[in-house]
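Asker: Got a structure for you, model-v7.cif, holding mmCIF, N, CA and C atoms.
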```
data_final
loop_
_atom_site.label_atom_id
_atom_site.label_comp_id
_atom_site.auth_asym_id
_atom_site.auth_seq_id
_atom_site.Cartn_x
_atom_site.Cartn_y
_atom_site.Cartn_z
N MET A 228 0.86 -1.18 0.00
CA MET A 228 0.00 0.00 0.00
C MET A 228 0.90 1.24 0.00
N GLY A 229 0.73 2.10 -0.98
CA GLY A 229 1.58 3.27 -1.13
C GLY A 229 1.26 4.36 -0.13
N GLY A 230 2.14 5.34 -0.07
CA GLY A 230 1.98 6.44 0.87
C GLY A 230 0.74 7.27 0.60
N ILE A 231 0.43 7.50 -0.67
CA ILE A 231 -0.76 8.28 -1.02
C ILE A 231 -2.02 7.53 -0.63
N ALA A 232 -2.01 6.22 -0.77
CA ALA A 232 -3.18 5.42 -0.41
C ALA A 232 -3.44 5.49 1.09
N VAL A 233 -2.38 5.46 1.88
CA VAL A 233 -2.53 5.57 3.34
C VAL A 233 -3.05 6.95 3.71
N LEU A 234 -2.47 7.99 3.10
CA LEU A 234 -2.92 9.35 3.36
C LEU A 234 -4.39 9.53 2.97
N THR A 235 -4.77 8.97 1.83
CA THR A 235 -6.15 9.04 1.38
C THR A 235 -7.08 8.37 2.39
N ALA A 236 -6.71 7.19 2.85
CA ALA A 236 -7.54 6.46 3.82
C ALA A 236 -7.67 7.25 5.11
N VAL A 237 -6.58 7.82 5.59
CA VAL A 237 -6.62 8.58 6.83
C VAL A 237 -7.51 9.82 6.67
N LEU A 238 -7.34 10.53 5.57
CA LEU A 238 -8.16 11.72 5.34
C LEU A 238 -9.64 11.38 5.25
N LEU A 239 -9.96 10.30 4.56
CA LEU A 239 -11.37 9.90 4.44
C LEU A 239 -11.95 9.48 5.78
N LEU A 240 -11.18 8.73 6.56
CA LEU A 240 -11.67 8.27 7.86
C LEU A 240 -11.82 9.43 8.85
N VAL A 241 -10.83 10.26 8.93
CA VAL A 241 -10.90 11.39 9.86
C VAL A 241 -12.00 12.37 9.43
N GLY A 242 -12.10 12.63 8.14
CA GLY A 242 -13.15 13.50 7.65
C GLY A 242 -14.54 12.94 7.91
N GLY A 243 -14.71 11.65 7.68
CA GLY A 243 -16.00 11.01 7.96
C GLY A 243 -16.35 11.06 9.44
N ALA A 244 -15.35 10.84 10.29
CA ALA A 244 -15.58 10.89 11.73
C ALA A 244 -15.96 12.31 12.17
N LEU A 245 -15.28 13.32 11.62
CA LEU A 245 -15.63 14.70 11.96
C LEU A 245 -17.05 15.05 11.52
N MET A 246 -17.42 14.60 10.33
CA MET A 246 -18.78 14.85 9.85
C MET A 246 -19.81 14.18 10.76
N LEU A 247 -19.52 12.96 11.18
CA LEU A 247 -20.44 12.25 12.08
C LEU A 247 -20.57 12.98 13.41
N VAL A 248 -19.45 13.42 13.97
CA VAL A 248 -19.49 14.15 15.24
C VAL A 248 -20.31 15.43 15.10
N GLY A 249 -20.10 16.16 14.00
CA GLY A 249 -20.86 17.38 13.78
C GLY A 249 -22.35 17.14 13.64
N VAL A 250 -22.72 16.09 12.93
CA VAL A 250 -24.14 15.77 12.76
C VAL A 250 -24.78 15.40 14.10
N VAL A 251 -24.08 14.60 14.88
CA VAL A 251 -24.62 14.21 16.19
C VAL A 251 -24.78 15.44 17.09
N MET A 252 -23.79 16.33 17.08
CA MET A 252 -23.90 17.57 17.87
C MET A 252 -25.10 18.39 17.43
N PHE A 253 -25.32 18.47 16.12
CA PHE A 253 -26.43 19.25 15.58
C PHE A 253 -27.78 18.65 16.01
N ILE A 254 -27.89 17.34 15.91
CA ILE A 254 -29.14 16.69 16.31
C ILE A 254 -29.39 16.83 17.80
N VAL A 255 -28.34 16.70 18.61
CA VAL A 255 -28.49 16.88 20.06
C VAL A 255 -28.94 18.30 20.36
N ASN A 256 -28.37 19.29 19.67
CA ASN A 256 -28.80 20.68 19.88
C ASN A 256 -30.27 20.86 19.54
N ALA A 257 -30.72 20.22 18.48
CA ALA A 257 -32.13 20.33 18.10
C ALA A 257 -33.02 19.71 19.17
N PHE A 258 -32.64 18.55 19.69
CA PHE A 258 -33.45 17.92 20.73
C PHE A 258 -33.41 18.72 22.04
N LYS A 259 -32.34 19.47 22.29
CA LYS A 259 -32.28 20.33 23.48
C LYS A 259 -33.32 21.43 23.41
N VAL A 260 -33.60 21.91 22.20
CA VAL A 260 -34.60 22.97 22.05
C VAL A 260 -35.99 22.39 22.27
N SER A 261 -36.30 21.30 21.56
CA SER A 261 -37.57 20.60 21.77
C SER A 261 -37.53 19.27 21.02
N VAL A 262 -38.41 18.39 21.42
CA VAL A 262 -38.50 17.09 20.76
C VAL A 262 -38.96 17.25 19.32
N MET A 263 -39.85 18.19 19.08
CA MET A 263 -40.34 18.40 17.71
C MET A 263 -39.23 18.90 16.79
N TRP A 264 -38.39 19.82 17.27
CA TRP A 264 -37.25 20.27 16.47
C TRP A 264 -36.32 19.11 16.20
N GLY A 265 -36.07 18.30 17.21
CA GLY A 265 -35.17 17.16 17.04
C GLY A 265 -35.68 16.18 16.00
N LEU A 266 -36.95 15.85 16.09
CA LEU A 266 -37.52 14.92 15.11
C LEU A 266 -37.55 15.53 13.72
N GLY A 267 -37.85 16.83 13.64
CA GLY A 267 -37.85 17.50 12.35
C GLY A 267 -36.48 17.50 11.70
N VAL A 268 -35.45 17.81 12.49
CA VAL A 268 -34.09 17.82 11.97
C VAL A 268 -33.67 16.41 11.55
N LEU A 269 -34.10 15.43 12.30
CA LEU A 269 -33.71 14.04 12.04
C LEU A 269 -34.36 13.49 10.78
N PHE A 270 -35.61 13.85 10.52
CA PHE A 270 -36.35 13.20 9.44
C PHE A 270 -36.70 14.08 8.24
N ILE A 271 -36.62 15.41 8.37
CA ILE A 271 -37.03 16.30 7.29
C ILE A 271 -35.87 17.27 7.02
N ALA A 272 -35.21 17.12 5.88
CA ALA A 272 -34.00 17.87 5.58
C ALA A 272 -34.16 19.40 5.63
N PRO A 273 -35.18 19.99 5.02
CA PRO A 273 -35.28 21.46 5.07
C PRO A 273 -35.43 22.01 6.49
N VAL A 274 -35.98 21.22 7.38
CA VAL A 274 -36.13 21.67 8.77
C VAL A 274 -34.75 21.88 9.39
N GLY A 275 -33.80 21.01 9.06
CA GLY A 275 -32.45 21.16 9.58
C GLY A 275 -31.81 22.46 9.14
N LEU A 276 -31.98 22.83 7.90
CA LEU A 276 -31.43 24.08 7.39
C LEU A 276 -32.08 25.28 8.09
N PHE A 277 -33.38 25.23 8.23
CA PHE A 277 -34.10 26.31 8.91
C PHE A 277 -33.65 26.41 10.37
N PHE A 278 -33.50 25.26 11.03
CA PHE A 278 -33.06 25.25 12.42
C PHE A 278 -31.64 25.81 12.55
N LEU A 279 -30.78 25.48 11.61
CA LEU A 279 -29.41 25.99 11.63
C LEU A 279 -29.40 27.52 11.55
N VAL A 280 -30.18 28.08 10.63
CA VAL A 280 -30.22 29.54 10.47
C VAL A 280 -30.87 30.20 11.67
N LYS A 281 -31.94 29.61 12.14
CA LYS A 281 -32.69 30.19 13.27
C LYS A 281 -31.88 30.17 14.56
N ASN A 282 -31.11 29.15 14.78
CA ASN A 282 -30.32 28.98 16.01
C ASN A 282 -28.83 28.95 15.69
N TRP A 283 -28.37 29.92 14.92
CA TRP A 283 -26.99 29.91 14.44
C TRP A 283 -25.97 29.90 15.59
N GLN A 284 -26.17 30.70 16.60
CA GLN A 284 -25.19 30.81 17.69
C GLN A 284 -24.97 29.48 18.39
N GLU A 285 -26.00 28.68 18.55
CA GLU A 285 -25.88 27.39 19.22
C GLU A 285 -25.33 26.31 18.30
N ASN A 286 -25.47 26.49 16.98
CA ASN A 286 -25.14 25.42 16.04
C ASN A 286 -23.95 25.70 15.16
N LYS A 287 -23.34 26.87 15.27
CA LYS A 287 -22.24 27.17 14.35
C LYS A 287 -21.04 26.26 14.58
N ARG A 288 -20.80 25.83 15.80
CA ARG A 288 -19.68 24.93 16.06
C ARG A 288 -19.87 23.59 15.36
N SER A 289 -21.06 23.02 15.48
CA SER A 289 -21.32 21.73 14.82
C SER A 289 -21.27 21.89 13.30
N PHE A 290 -21.73 23.02 12.79
CA PHE A 290 -21.69 23.28 11.35
C PHE A 290 -20.25 23.32 10.84
N PHE A 291 -19.38 24.04 11.54
CA PHE A 291 -17.99 24.16 11.09
C PHE A 291 -17.22 22.85 11.26
N ILE A 292 -17.59 22.04 12.24
CA ILE A 292 -16.98 20.72 12.37
C ILE A 292 -17.36 19.85 11.17
N GLN A 293 -18.63 19.89 10.78
CA GLN A 293 -19.06 19.14 9.59
C GLN A 293 -18.36 19.66 8.34
N LEU A 294 -18.20 20.97 8.23
CA LEU A 294 -17.54 21.56 7.08
C LEU A 294 -16.07 21.14 7.00
N ALA A 295 -15.40 21.10 8.13
CA ALA A 295 -14.00 20.65 8.16
C ALA A 295 -13.91 19.18 7.74
N GLY A 296 -14.84 18.37 8.23
CA GLY A 296 -14.86 16.96 7.83
C GLY A 296 -15.10 16.80 6.34
N LEU A 297 -16.00 17.59 5.80
CA LEU A 297 -16.28 17.53 4.37
C LEU A 297 -15.04 17.92 3.56
N ALA A 298 -14.33 18.94 4.01
CA ALA A 298 -13.11 19.36 3.32
C ALA A 298 -12.08 18.24 3.32
N LEU A 299 -11.91 17.54 4.44
CA LEU A 299 -10.96 16.43 4.49
C LEU A 299 -11.39 15.29 3.56
N VAL A 300 -12.67 15.01 3.52
CA VAL A 300 -13.16 13.95 2.63
C VAL A 300 -12.92 14.33 1.17
N ILE A 301 -13.16 15.57 0.81
CA ILE A 301 -12.94 16.00 -0.57
C ILE A 301 -11.46 15.91 -0.93
N VAL A 302 -10.59 16.38 -0.03
CA VAL A 302 -9.15 16.30 -0.30
C VAL A 302 -8.72 14.84 -0.43
N GLY A 303 -9.22 13.99 0.45
CA GLY A 303 -8.90 12.57 0.38
C GLY A 303 -9.38 11.93 -0.91
N ALA A 304 -10.57 12.29 -1.34
CA ALA A 304 -11.11 11.73 -2.58
C ALA A 304 -10.32 12.20 -3.80
N VAL A 305 -9.92 13.46 -3.79
CA VAL A 305 -9.13 13.98 -4.92
C VAL A 305 -7.75 13.32 -4.95
N LEU A 306 -7.13 13.17 -3.79
CA LEU A 306 -5.81 12.51 -3.74
C LEU A 306 -5.89 11.05 -4.14
N GLY A 307 -6.96 10.41 -3.79
CA GLY A 307 -7.09 8.97 -4.06
C GLY A 307 -7.54 8.64 -5.45
N HIS A 308 -8.04 9.62 -6.18
CA HIS A 308 -8.51 9.38 -7.53
C HIS A 308 -7.30 9.24 -8.46
N PRO A 309 -7.24 8.17 -9.21
CA PRO A 309 -6.08 7.99 -10.10
C PRO A 309 -6.08 9.02 -11.24
N ALA A 310 -4.90 9.43 -11.62
CA ALA A 310 -4.77 10.39 -12.73
C ALA A 310 -5.12 9.70 -14.04
N PRO A 311 -5.79 10.39 -14.94
CA PRO A 311 -6.13 9.76 -16.23
C PRO A 311 -4.88 9.50 -17.06
N THR A 312 -4.87 8.38 -17.73
CA THR A 312 -3.75 8.03 -18.59
C THR A 312 -4.20 8.07 -20.04
N GLN A 313 -3.26 8.33 -20.92
CA GLN A 313 -3.62 8.42 -22.33
C GLN A 313 -3.15 7.22 -23.09
#
```
The structure given in the file should be rewritten as structure tokens.
Answerer:
Amino acid sequence: MGGIAVLTAVLLLVGGALMLVGVVMFIVNAFKVSVMWGLGVLFIAPVGLFFLVKNWQENKRSFFIQLAGLALVIVGAVLGHPAPTQ
């Protein structure tokens, strides 16, 4: 297994873990406000976006954690993608 493959795997795993942590934090914040917000965020996607904007101060940390995880996953995917050959 080459060095780039190991780096790709690490970036994808760490990025995925960060995204998971951010999502769990976001859902917990929604349930702290009310059970209805929590269920809405969990099952209806637009509700999550509305909740994020409405409660930005409480949720910005979880949002930026998810964003950092997404950035790591994208970098890992780009590094792991083989270059086209002619």
Asker: By how many Å are CA of Ile231 (chain A) and CA of Ile292 (chain A) apart?
Answerer: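 Between CA of Ile231 (chain A) and CA of Ile292 (chain A) the gap works out to 24.4 Å.
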Asker: Calculate how many Å separate CA of Ala232 (chain A) from CA of Val248 (chain A), rounding to one decimal.
Answerer: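 Straight-line distance from CA of Ala232 (chain A) to CA of Val248 (chain A) works out to 24.2 Å.
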Asker: Got a sec to resolve the PyMOL selection byres (((chain A and resi 284-291 and name CA) around 12) and name CA) on this structure and send the residues as a compact mmCIF listing (two decimals) with N, CA and C atoms, in the frame of the given file?
Answerer:
```txt
# COMPACT_ATOMS: atom_id res chain seq x y z
N LEU A 245 -15.28 13.32 11.62
CA LEU A 245 -15.63 14.70 11.96
C LEU A 245 -17.05 15.05 11.52
N MET A 246 -17.42 14.60 10.33
CA MET A 246 -18.78 14.85 9.85
C MET A 246 -19.81 14.18 10.76
N LEU A 247 -19.52 12.96 11.18
CA LEU A 247 -20.44 12.25 12.08
C LEU A 247 -20.57 12.98 13.41
N VAL A 248 -19.45 13.42 13.97
CA VAL A 248 -19.49 14.15 15.24
C VAL A 248 -20.31 15.43 15.10
N GLY A 249 -20.10 16.16 14.00
CA GLY A 249 -20.86 17.38 13.78
C GLY A 249 -22.35 17.14 13.64
N VAL A 250 -22.72 16.09 12.93
CA VAL A 250 -24.14 15.77 12.76
C VAL A 250 -24.78 15.40 14.10
N VAL A 251 -24.08 14.60 14.88
CA VAL A 251 -24.62 14.21 16.19
C VAL A 251 -24.78 15.44 17.09
N MET A 252 -23.79 16.33 17.08
CA MET A 252 -23.90 17.57 17.87
C MET A 252 -25.10 18.39 17.43
N PHE A 253 -25.32 18.47 16.12
CA PHE A 253 -26.43 19.25 15.58
C PHE A 253 -27.78 18.65 16.01
N ILE A 254 -27.89 17.34 15.91
CA ILE A 254 -29.14 16.69 16.31
C ILE A 254 -29.39 16.83 17.80
N VAL A 255 -28.34 16.70 18.61
CA VAL A 255 -28.49 16.88 20.06
C VAL A 255 -28.94 18.30 20.36
N ASN A 256 -28.37 19.29 19.67
CA ASN A 256 -28.80 20.68 19.88
C ASN A 256 -30.27 20.86 19.54
N ALA A 257 -30.72 20.22 18.48
CA ALA A 257 -32.13 20.33 18.10
C ALA A 257 -33.02 19.71 19.17
N LYS A 259 -32.34 19.47 22.29
CA LYS A 259 -32.28 20.33 23.48
C LYS A 259 -33.32 21.43 23.41
N VAL A 260 -33.60 21.91 22.20
CA VAL A 260 -34.60 22.97 22.05
C VAL A 260 -35.99 22.39 22.27
N GLY A 275 -33.80 21.01 9.06
CA GLY A 275 -32.45 21.16 9.58
C GLY A 275 -31.81 22.46 9.14
N LEU A 276 -31.98 22.83 7.90
CA LEU A 276 -31.43 24.08 7.39
C LEU A 276 -32.08 25.28 8.09
N PHE A 277 -33.38 25.23 8.23
CA PHE A 277 -34.10 26.31 8.91
C PHE A 277 -33.65 26.41 10.37
N PHE A 278 -33.50 25.26 11.03
CA PHE A 278 -33.06 25.25 12.42
C PHE A 278 -31.64 25.81 12.55
N LEU A 279 -30.78 25.48 11.61
CA LEU A 279 -29.41 25.99 11.63
C LEU A 279 -29.40 27.52 11.55
N VAL A 280 -30.18 28.08 10.63
CA VAL A 280 -30.22 29.54 10.47
C VAL A 280 -30.87 30.20 11.67
N LYS A 281 -31.94 29.61 12.14
CA LYS A 281 -32.69 30.19 13.27
C LYS A 281 -31.88 30.17 14.56
N ASN A 282 -31.11 29.15 14.78
CA ASN A 282 -30.32 28.98 16.01
C ASN A 282 -28.83 28.95 15.69
N TRP A 283 -28.37 29.92 14.92
CA TRP A 283 -26.99 29.91 14.44
C TRP A 283 -25.97 29.90 15.59
N ILE A 292 -17.59 22.04 12.24
CA ILE A 292 -16.98 20.72 12.37
C ILE A 292 -17.36 19.85 11.17
N GLN A 293 -18.63 19.89 10.78
CA GLN A 293 -19.06 19.14 9.59
C GLN A 293 -18.36 19.66 8.34
N LEU A 294 -18.20 20.97 8.23
CA LEU A 294 -17.54 21.56 7.08
C LEU A 294 -16.07 21.14 7.00
N ALA A 295 -15.40 21.10 8.13
CA ALA A 295 -14.00 20.65 8.16
C ALA A 295 -13.91 19.18 7.74
N GLY A 296 -14.84 18.37 8.23
CA GLY A 296 -14.86 16.96 7.83
C GLY A 296 -15.10 16.80 6.34
N LEU A 297 -16.00 17.59 5.80
CA LEU A 297 -16.28 17.53 4.37
C LEU A 297 -15.04 17.92 3.56
N ALA A 298 -14.33 18.94 4.01
CA ALA A 298 -13.11 19.36 3.32
C ALA A 298 -12.08 18.24 3.32
```
Asker: Which residues are near Thr235 (chain A)? Cut-off 8 Å, only C-alpha atoms, ignore same chain within fewer than 5 positions. Put them as number ranges by chain.
Answerer: A: 303-304, 306-307
Asker: Got time to write the residues from that selection, N, CA and C atoms, as a compact mmCIF listing (two decimals), in the coordinates of the input?
Answerer:
```txt
# COMPACT_ATOMS: atom_id res chain seq x y z
N GLY A 303 -9.22 13.99 0.45
CA GLY A 303 -8.90 12.57 0.38
C GLY A 303 -9.38 11.93 -0.91
N ALA A 304 -10.57 12.29 -1.34
CA ALA A 304 -11.11 11.73 -2.58
C ALA A 304 -10.32 12.20 -3.80
N LEU A 306 -7.13 13.17 -3.79
CA LEU A 306 -5.81 12.51 -3.74
C LEU A 306 -5.89 11.05 -4.14
N GLY A 307 -6.96 10.41 -3.79
CA GLY A 307 -7.09 8.97 -4.06
C GLY A 307 -7.54 8.64 -5.45
```
Asker: Could you check how far atom N of Ser261 (chain A) sits from CA of Gly243 (chain A), in Å to one decimal?
Answerer: 26.5 Å
Asker: In the coordinates of the file, take the point (-11.3, 11.5, 1.7) and a cut-off of 6.5 Å; then, counting only N, CA and C atoms, name each qualifying protein, DNA or RNA residue as a list in words.
Answerer: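 The requested residues, written out, are Thr235, Ala236, Val237, Leu238, Leu239, Leu240, Leu299, Val300, Ile301, Val302, Gly303, Ala304 and Val305 of chain A.
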